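Novice: Submitted below is the structure of interest, expressed as C-alpha cells.
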Amino acid sequence: MTQPTAEHVGLLLRDARGEKGWTQGQLAAELGTSQSAIARMEQGKQNLSLRMIERLESIFGRTIVKVGKPQMTHLRVEGGRTLSGSVDVNSSKNAGVALLCASLINRGTTTLRRLARIEEVNRIVEVLTSIGVECTWLNGNDLRIRRPETLDLASMDVEAARRTRSVIMLLGPLLDEASSYQLPYAGGCDLGTRTVEPHMQALRQFGLSVEAKSGFYSVQAPPTDADHRTFVLTERGDTVTENAIMAAAHRSGTTVIRNASPNYMVQDLCFYLQNLGVAIDGIGTTTLKITGRPAIDVDTEYFPSEDPIEAMSLITAGIVTNSEVTICRVPIEFMEIELATLEQMGQQLDISGEYFARNGRTRLVDVTTKPSRLRAPEDKIHPMPFPGLNIDNLPFFAVIAGNAEGQTMIHDWVYENRAIYLTELNKLGAQVQLLDPHRIYVNGPTKWRGAEVGCPPALRPAACLLLAMLAARGTSELRNIYVIERGYEDLAERLNTIGAKIEYFQD
C-alpha cells in the first residue's frame, strides 16, 4: 500500500479539525501538545506516527488516513542539536496500569482523566474488554470504565495478557470474583527472572491459593470474611504493595500492611480508592491501615499524577544535549534524590515553586536544565526504595555520566540483566565497562557519534539509547521501538517540540 505523504495527511487533518469546528489550540489541548505542533502537522512539516494517527482518529471519530500497519517501527534521529523551550510531563504509566486494575473493584463508573495512551495501558484495556468490561475512550486520553455484574474470566485475552507483566496485578481486585479461575503467566520486558512469590505471600494472607501450572496461574478464591489482619511484606515492592492494597480494599475488615511501598503509583492508587470510600491511613509511609468496603458502587473520576520516570527522561534530554529546557509538571516528591545527585555532579538546575497536580494531592514543580560542565560523583549511584533514587530512573544516569568528566560506577542491584543492556551505549561512542550483571563503570566525557542500534528488550535502557542519540553527531537509527511505546506516549514527537529532529519510519 502506498504510504501517504505528510502534506496529504496534513490536509486531511485540517479538514477533520474544520468539520469539528475546533481551532488549532483546541486540538492541541486535546492531544496535550502545542498549537505550533498542530500547525506543523497540518502544513505537512511533521510526520505522524501510527500511534498519533490512531489518537487523532479516536478524537474525530473518523478515519484520517488508511495505512497498512507494518510489523516494526523505527526512529531516525538527527543528533547534535541544541534543544530549547518547554515540555509537560505526562501522567504516570505505572499509576495508570494500577488504576485500570483497581477499577474492577468498583461496580459504578470510573473515568480516568488524561490517562497515558501507551502500549502497556492498551494491553490491560484489551484484557479488561475481553472479560466484559466496557472501556470507552473520551476526548483522546480520558477513559470511561464500566464493569458488568459478572466478569467473564474464561474469555480473557491470553495473548494480550502475556504481553504485559501487569496482569499479575489482577489477583488483588479479583480476590473472590470467582471460586476458581486461571490467569496467564505475566510477560513484559526482559529483565531476568522477577519472582512472583512476594505477590503470593501477600495474597495468601487473605486466603488466596495460587498454583502455577502449564503457563497459567490456577487460582482458588478464599472464603469471604470480615477478619482484621496485619502482615509484613518481605519485599517492599510497588506492585506487591498495590496487589495487597486492592485485596484489602474490598474486604470489610481492617488490614494493616507493614513494609509497604510508599512510591508514587501506590499513592495514586490509594487516592483513587479513597474516592471510592475505602478508608486508608498512612499514605506516603511504610505502614498502611486499610478498612475496606465489600460492595463498592460509586461513579467517580480521577486524574493520575505525573510520571517521575518520564520527567527524568526529559530532564536527561536537556542535560545530554547541554541545553536550556524547561520540564513542566515534575512530581518533586519523587525526584528529590535524583535532582540532588545531578546538582552534586555539577548540573545547574532552576526549580520553580510548588503547585498541585490535578488530583489535588501530588506536589509539582517546573525544572529548567542549564548548560553545565559535569563531573563524576565521588560515590556510586544506586537505587533504593522510595524515598531513595528510583529504580527506573537509574539507567538515565548512565547517559548523563557519559557527559561527565571521570569515572562513575552505577550499581543496578535490583535486576539481573539490565546493566548489560546499558553497554549498548558503546555503539554511540560511550565508554561503558561491564563489571558484572549488576555494575558498570561509565568513563567520560563521551564524544557521542551516530550509529544504527536495535532496541534492547528493556524499556529504560531503550529510552537511554534514544536520548544518547540526541547528543550524537550525525544520523542514528533506533530499530523496533515497540518496547519504548510500551512505556512512553509519543516521546519522539514531544522531543521534537523542543528542537529534536526525530522521524518515524518502517522498512
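Residues in the C-alpha cells are named by chain (A, B, ... in the order shown) and by number from 1 within that chain; ligands are numbered from 1 in the order shown.
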Excluding A:Lys447 and residues on its chain fewer than 4 positions from it, collect all residues at most 9 Å away from it, counting only C-alpha atoms, and give them as a list in words.
Specialist: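 Near neighbours after the sequence-gap exclusion: Gly402, Asn403, Leu428, Gly429, Ala430, Ala471, Ala472 and Arg473 of chain A.
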Novice: Residues near A:Ala116, anyone? I mean within 10 Å using only C-alpha atoms, not counting same-chain ones fewer than 3 positions away, as a list in words.
Specialist: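 My reading of the contact set: Asn90, Ser91, Ser92, Lys93, Asn94, Ala95, Gly96, Val97, Leu112, Arg113, Glu119, Glu120, Val121, Asn122, Gly140, Asn141, Asp142, Leu143, Pro304, Glu306, Asp307, Gly487, Tyr488, Glu489 and Asp490 of chain A.
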Novice: Take the residues just selected and output them with C-alpha atoms as a JSON list (two decimals), in the first residue's frame.
Specialist:
```
[["chain", "number", "residue", "atom", "x", "y", "z"],
["A", 90, "ASN", "CA", 2.54, 13.17, 31.03],
["A", 91, "SER", "CA", 0.61, 11.13, 33.57],
["A", 92, "SER", "CA", 2.19, 8.09, 35.15],
["A", 93, "LYS", "CA", 2.28, 4.82, 33.23],
["A", 94, "ASN", "CA", 2.62, 2.73, 36.38],
["A", 95, "ALA", "CA", -0.18, 4.56, 38.17],
["A", 96, "GLY", "CA", -2.43, 4.23, 35.13],
["A", 97, "VAL", "CA", -1.97, 0.46, 34.98],
["A", 112, "LEU", "CA", -9.67, 8.10, 34.38],
["A", 113, "ARG", "CA", -8.69, 11.53, 33.07],
["A", 119, "GLU", "CA", 1.06, 0.03, 24.79],
["A", 120, "GLU", "CA", 1.12, -1.22, 28.40],
["A", 121, "VAL", "CA", -2.20, 0.55, 29.03],
["A", 122, "ASN", "CA", -3.60, -0.73, 25.73],
["A", 140, "GLY", "CA", -8.43, 11.48, 23.39],
["A", 141, "ASN", "CA", -6.97, 10.48, 26.76],
["A", 142, "ASP", "CA", -9.97, 10.09, 29.09],
["A", 143, "LEU", "CA", -11.13, 6.51, 29.63],
["A", 304, "PRO", "CA", -3.43, 10.07, 37.63],
["A", 306, "GLU", "CA", 2.57, 12.96, 36.55],
["A", 307, "ASP", "CA", 5.26, 10.36, 35.87],
["A", 487, "GLY", "CA", 6.10, 2.97, 28.42],
["A", 488, "TYR", "CA", 6.00, 6.37, 26.69],
["A", 489, "GLU", "CA", 3.30, 8.24, 24.84],
["A", 490, "ASP", "CA", 4.62, 9.97, 21.72]]
```
Novice: Taking only stretch 122-324 of chain A into account, list the residues labelled strand (DSSP E or B) by DSSP (computed from the backbone), as a VMD selection string.
Specialist: chain A and resid 134 to 138 142 to 146 180 to 184 209 to 213 216 to 220 229 to 232 254 to 258 279 to 281 287 to 291 296 300 to 302 306 324
Novice: What are the closest atom pairs, with distances in Å to one decimal, for all residues of stretch 181-290 of chain A lying within 9 Å of stretch 343-366 of chain A? Consider only C-alpha atoms, order rows by chain and residue number, and present the result as CSV.
Specialist:
```
residue,atom,partner,partner_atom,distance
A:Tyr264,CA,A:Thr362,CA,8.8
A:Gln267,CA,A:Thr362,CA,8.9
A:Asp268,CA,A:Asn359,CA,8.6
A:Phe271,CA,A:Arg361,CA,8.3
```
Novice: May I have the selected residues written with C-alpha atoms, as a compact mmCIF listing (two decimals), in the first residue's frame?
Specialist:
```txt
# COMPACT_ATOMS: atom_id res chain seq x y z
CA TYR A 264 4.13 7.40 43.54
CA GLN A 267 -0.11 6.80 46.44
CA ASP A 268 -2.20 7.34 43.28
CA PHE A 271 -6.10 8.35 46.46
```
Novice: Any idea what's packed within 12 Å of A:Ala212, counting only C-alpha atoms, ignoring anything in its chain fewer than 6 positions away? Could you give it as a compact mmCIF listing (two decimals) with N, CA, C and O atoms, in the first residue's frame?
Specialist:
```txt
# COMPACT_ATOMS: atom_id res chain seq x y z
N GLN A 182 -8.33 -19.06 35.97
CA GLN A 182 -6.94 -19.10 35.54
C GLN A 182 -6.50 -17.72 35.08
O GLN A 182 -7.28 -16.97 34.49
N LEU A 183 -5.23 -17.41 35.33
CA LEU A 183 -4.63 -16.15 34.89
C LEU A 183 -3.35 -16.48 34.16
O LEU A 183 -2.51 -17.24 34.68
N PRO A 184 -3.15 -15.97 32.92
CA PRO A 184 -1.92 -16.29 32.18
C PRO A 184 -0.68 -15.78 32.91
O PRO A 184 -0.73 -14.78 33.62
N TYR A 185 0.43 -16.47 32.69
CA TYR A 185 1.69 -16.01 33.24
C TYR A 185 1.97 -14.59 32.76
O TYR A 185 1.69 -14.23 31.62
N ALA A 186 2.57 -13.79 33.64
CA ALA A 186 2.90 -12.41 33.30
C ALA A 186 4.06 -12.37 32.32
O ALA A 186 4.97 -13.18 32.38
N VAL A 196 7.33 -13.95 41.30
CA VAL A 196 6.00 -13.50 41.71
C VAL A 196 5.71 -13.97 43.13
O VAL A 196 4.62 -13.70 43.65
N GLU A 197 6.66 -14.64 43.75
CA GLU A 197 6.41 -15.18 45.08
C GLU A 197 6.02 -14.10 46.10
O GLU A 197 5.14 -14.34 46.95
N MET A 200 2.41 -13.67 45.94
CA MET A 200 1.69 -14.81 46.51
C MET A 200 1.71 -14.78 48.03
O MET A 200 0.71 -15.05 48.70
N SER A 218 -3.25 -21.03 38.41
CA SER A 218 -4.55 -21.60 38.77
C SER A 218 -4.94 -21.05 40.14
O SER A 218 -4.24 -21.28 41.13
N VAL A 219 -6.05 -20.29 40.18
CA VAL A 219 -6.40 -19.51 41.36
C VAL A 219 -7.64 -20.11 42.04
O VAL A 219 -8.64 -20.39 41.37
N GLN A 220 -7.55 -20.30 43.34
CA GLN A 220 -8.69 -20.70 44.16
C GLN A 220 -9.02 -19.56 45.10
O GLN A 220 -8.17 -19.13 45.89
```
Novice: Do you have the atom CA of A:Gly172-atom CA of A:Met246 distance handy?
Specialist: 5.1 Å
Novice: Within 7 Å of A:Leu233, counting only C-alpha atoms, which residues qualify if same-chain residues fewer than 2 places away don't, as a PyMOL selection string?
Specialist: chain A and resi 202+231+235-236+258-260
Novice: Residues of the last selection are to be written out with N, CA and C atoms, as a PDB file, in the first residue's frame.
Specialist:
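Resulting contents of again_31.pdb:
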```pdb
ATOM      1  N   ALA A 202       1.863 -12.190  49.930  1.00  0.00           N
ATOM      2  CA  ALA A 202       0.936 -11.157  50.405  1.00  0.00           C
ATOM      3  C   ALA A 202      -0.508 -11.611  50.291  1.00  0.00           C
ATOM      4  N   PHE A 231       0.111  -7.861  58.476  1.00  0.00           N
ATOM      5  CA  PHE A 231       1.229  -8.656  57.964  1.00  0.00           C
ATOM      6  C   PHE A 231       2.332  -7.751  57.428  1.00  0.00           C
ATOM      7  N   GLU A 235       9.107  -8.106  50.724  1.00  0.00           N
ATOM      8  CA  GLU A 235       9.727  -7.261  49.709  1.00  0.00           C
ATOM      9  C   GLU A 235       8.899  -5.990  49.584  1.00  0.00           C
ATOM     10  N   ARG A 236       9.569  -4.826  49.720  1.00  0.00           N
ATOM     11  CA  ARG A 236       8.836  -3.571  49.625  1.00  0.00           C
ATOM     12  C   ARG A 236       8.661  -3.188  48.153  1.00  0.00           C
ATOM     13  N   ARG A 258       2.574  -3.725  56.691  1.00  0.00           N
ATOM     14  CA  ARG A 258       3.855  -3.132  57.088  1.00  0.00           C
ATOM     15  C   ARG A 258       4.905  -3.387  56.006  1.00  0.00           C
ATOM     16  N   ASN A 259       5.905  -2.525  55.987  1.00  0.00           N
ATOM     17  CA  ASN A 259       6.934  -2.538  54.935  1.00  0.00           C
ATOM     18  C   ASN A 259       6.305  -2.352  53.558  1.00  0.00           C
ATOM     19  N   ALA A 260       5.256  -1.528  53.513  1.00  0.00           N
ATOM     20  CA  ALA A 260       4.586  -1.206  52.249  1.00  0.00           C
ATOM     21  C   ALA A 260       5.405  -0.185  51.471  1.00  0.00           C
TER      22      ALA A 260
END
```
Novice: Which residue out of A:Gly253, A:Gly499, A:Gly282, A:Pro395 has the minimum interatomic distance to A:Met312 when only C-alpha atoms are used?
Specialist: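 Result for the nearest residue to A:Met312: A:Pro395.
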Novice: Counting only C-alpha atoms, what is within 12 Å of stretch 221-228 of chain A, bar same-chain residues fewer than 3 positions away, as an NGL selection string?
Specialist: :A and (171-182 or 203-211 or 218 or 231 or 247-257 or 289-294)
Novice: Keeping C-alpha atoms for every residue in the selection just given, could you write it to a file as a PDB file, in the first residue's frame?
Specialist:
```pdb
ATOM      1  CA  LEU A 171      -5.086 -11.037  41.513  1.00  0.00           C
ATOM      2  CA  GLY A 172      -5.842  -8.448  44.196  1.00  0.00           C
ATOM      3  CA  PRO A 173      -9.006  -6.921  42.667  1.00  0.00           C
ATOM      4  CA  LEU A 174     -10.218 -10.368  41.553  1.00  0.00           C
ATOM      5  CA  LEU A 175      -9.600 -11.837  45.027  1.00  0.00           C
ATOM      6  CA  ASP A 176     -13.015 -13.515  45.361  1.00  0.00           C
ATOM      7  CA  GLU A 177     -14.562 -12.684  41.974  1.00  0.00           C
ATOM      8  CA  ALA A 178     -14.987 -16.382  41.185  1.00  0.00           C
ATOM      9  CA  SER A 179     -14.426 -19.559  43.161  1.00  0.00           C
ATOM     10  CA  SER A 180     -11.688 -20.581  40.732  1.00  0.00           C
ATOM     11  CA  TYR A 181     -10.163 -19.226  37.552  1.00  0.00           C
ATOM     12  CA  GLN A 182      -6.937 -19.100  35.542  1.00  0.00           C
ATOM     13  CA  LEU A 203      -2.276 -12.571  48.930  1.00  0.00           C
ATOM     14  CA  ARG A 204      -2.069 -15.759  50.995  1.00  0.00           C
ATOM     15  CA  GLN A 205      -2.730 -13.509  53.978  1.00  0.00           C
ATOM     16  CA  PHE A 206      -6.280 -13.179  52.584  1.00  0.00           C
ATOM     17  CA  GLY A 207      -6.595 -16.935  51.976  1.00  0.00           C
ATOM     18  CA  LEU A 208      -5.939 -16.846  48.210  1.00  0.00           C
ATOM     19  CA  SER A 209      -4.469 -20.061  46.796  1.00  0.00           C
ATOM     20  CA  VAL A 210      -2.409 -19.850  43.599  1.00  0.00           C
ATOM     21  CA  GLU A 211      -0.690 -22.744  41.833  1.00  0.00           C
ATOM     22  CA  SER A 218      -4.552 -21.596  38.766  1.00  0.00           C
ATOM     23  CA  PHE A 231       1.229  -8.656  57.964  1.00  0.00           C
ATOM     24  CA  ALA A 247      -7.263  -7.147  48.013  1.00  0.00           C
ATOM     25  CA  ALA A 248      -7.813  -5.287  51.289  1.00  0.00           C
ATOM     26  CA  ALA A 249      -9.964  -2.599  49.668  1.00  0.00           C
ATOM     27  CA  HIS A 250     -12.945  -4.897  49.105  1.00  0.00           C
ATOM     28  CA  ARG A 251     -12.755  -6.800  52.402  1.00  0.00           C
ATOM     29  CA  SER A 252     -14.835  -5.277  55.199  1.00  0.00           C
ATOM     30  CA  GLY A 253     -12.204  -5.906  57.879  1.00  0.00           C
ATOM     31  CA  THR A 254      -9.203  -3.725  58.648  1.00  0.00           C
ATOM     32  CA  THR A 255      -5.859  -4.680  57.123  1.00  0.00           C
ATOM     33  CA  VAL A 256      -2.503  -3.318  58.299  1.00  0.00           C
ATOM     34  CA  ILE A 257       0.328  -3.707  55.802  1.00  0.00           C
ATOM     35  CA  LYS A 289      -4.102   0.784  57.514  1.00  0.00           C
ATOM     36  CA  ILE A 290      -6.970  -0.081  55.175  1.00  0.00           C
ATOM     37  CA  THR A 291     -10.619  -0.577  56.102  1.00  0.00           C
ATOM     38  CA  GLY A 292     -12.290  -1.909  53.003  1.00  0.00           C
ATOM     39  CA  ARG A 293     -15.802  -1.942  51.620  1.00  0.00           C
ATOM     40  CA  PRO A 294     -17.252  -5.271  50.425  1.00  0.00           C
TER      41      PRO A 294
END
```
Novice: Can you tell me which residues surround A:Ile327 at a distance of at most 6 Å, considering only C-alpha atoms, apart from same-chain residues fewer than 4 positions away, and format the answer as a PyMOL selection string?
Specialist: chain A and resi 86-88+366-367
Novice: Counting only C-alpha atoms, which residue out of A:Ala311, A:Ala398, A:Leu467, A:Val77 sits closest to A:Gly450?
Specialist: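 Among the listed residues, the smallest separation from A:Gly450 belongs to A:Val77.
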Novice: Hey, what's within 8 Å of stretch 105-111 of chain A if we count only C-alpha atoms and toss same-chain stuff fewer than 6 positions away? As a list of chain:residue names, please?
Specialist: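 Surrounding residues, per the criterion: A:Asp142, A:Leu143, A:Arg144, A:Ile145, A:Arg146, A:Arg147, A:Pro148, A:Glu149, A:Pro173, A:Leu174, A:Met246, A:His250, A:Leu276, A:Ala295, A:Ile296, A:Asp297, A:Val298, A:Asp299, A:Thr300, A:Glu301, A:Tyr302.
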Novice: With distances taken over only C-alpha atoms, which of A:Val127, A:Ile245, A:Leu12, A:Cys135 is nearest to A:Val158?
Specialist: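 Result for the nearest residue to A:Val158: A:Val127.
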Novice: So how many Å separate atom CA of A:Ile410 and atom CA of A:Glu333, to one decimal?
Specialist: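 Between atom CA of A:Ile410 and atom CA of A:Glu333 the gap works out to 22.8 Å.
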Novice: Would you work out the distance separating atom CA of A:Leu478 from atom CA of A:Pro308, expressed in Å to one decimal?
Specialist: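 If I compute the distance from atom CA of A:Leu478 to atom CA of A:Pro308, I get 23.9 Å.
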Novice: Using only C-alpha atoms for the distances, tell me which of A:Val320, A:Ala279, A:Ala102, A:Leu434 is nearest to A:Ala244.
Specialist: A:Ala102
Novice: Which one of A:Leu495, A:Ile131, A:Met469, A:Ala376 sits closest to A:Tyr441 if you count only C-alpha atoms?
Specialist: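 So, comparing all the options, the nearest one is A:Ala376.
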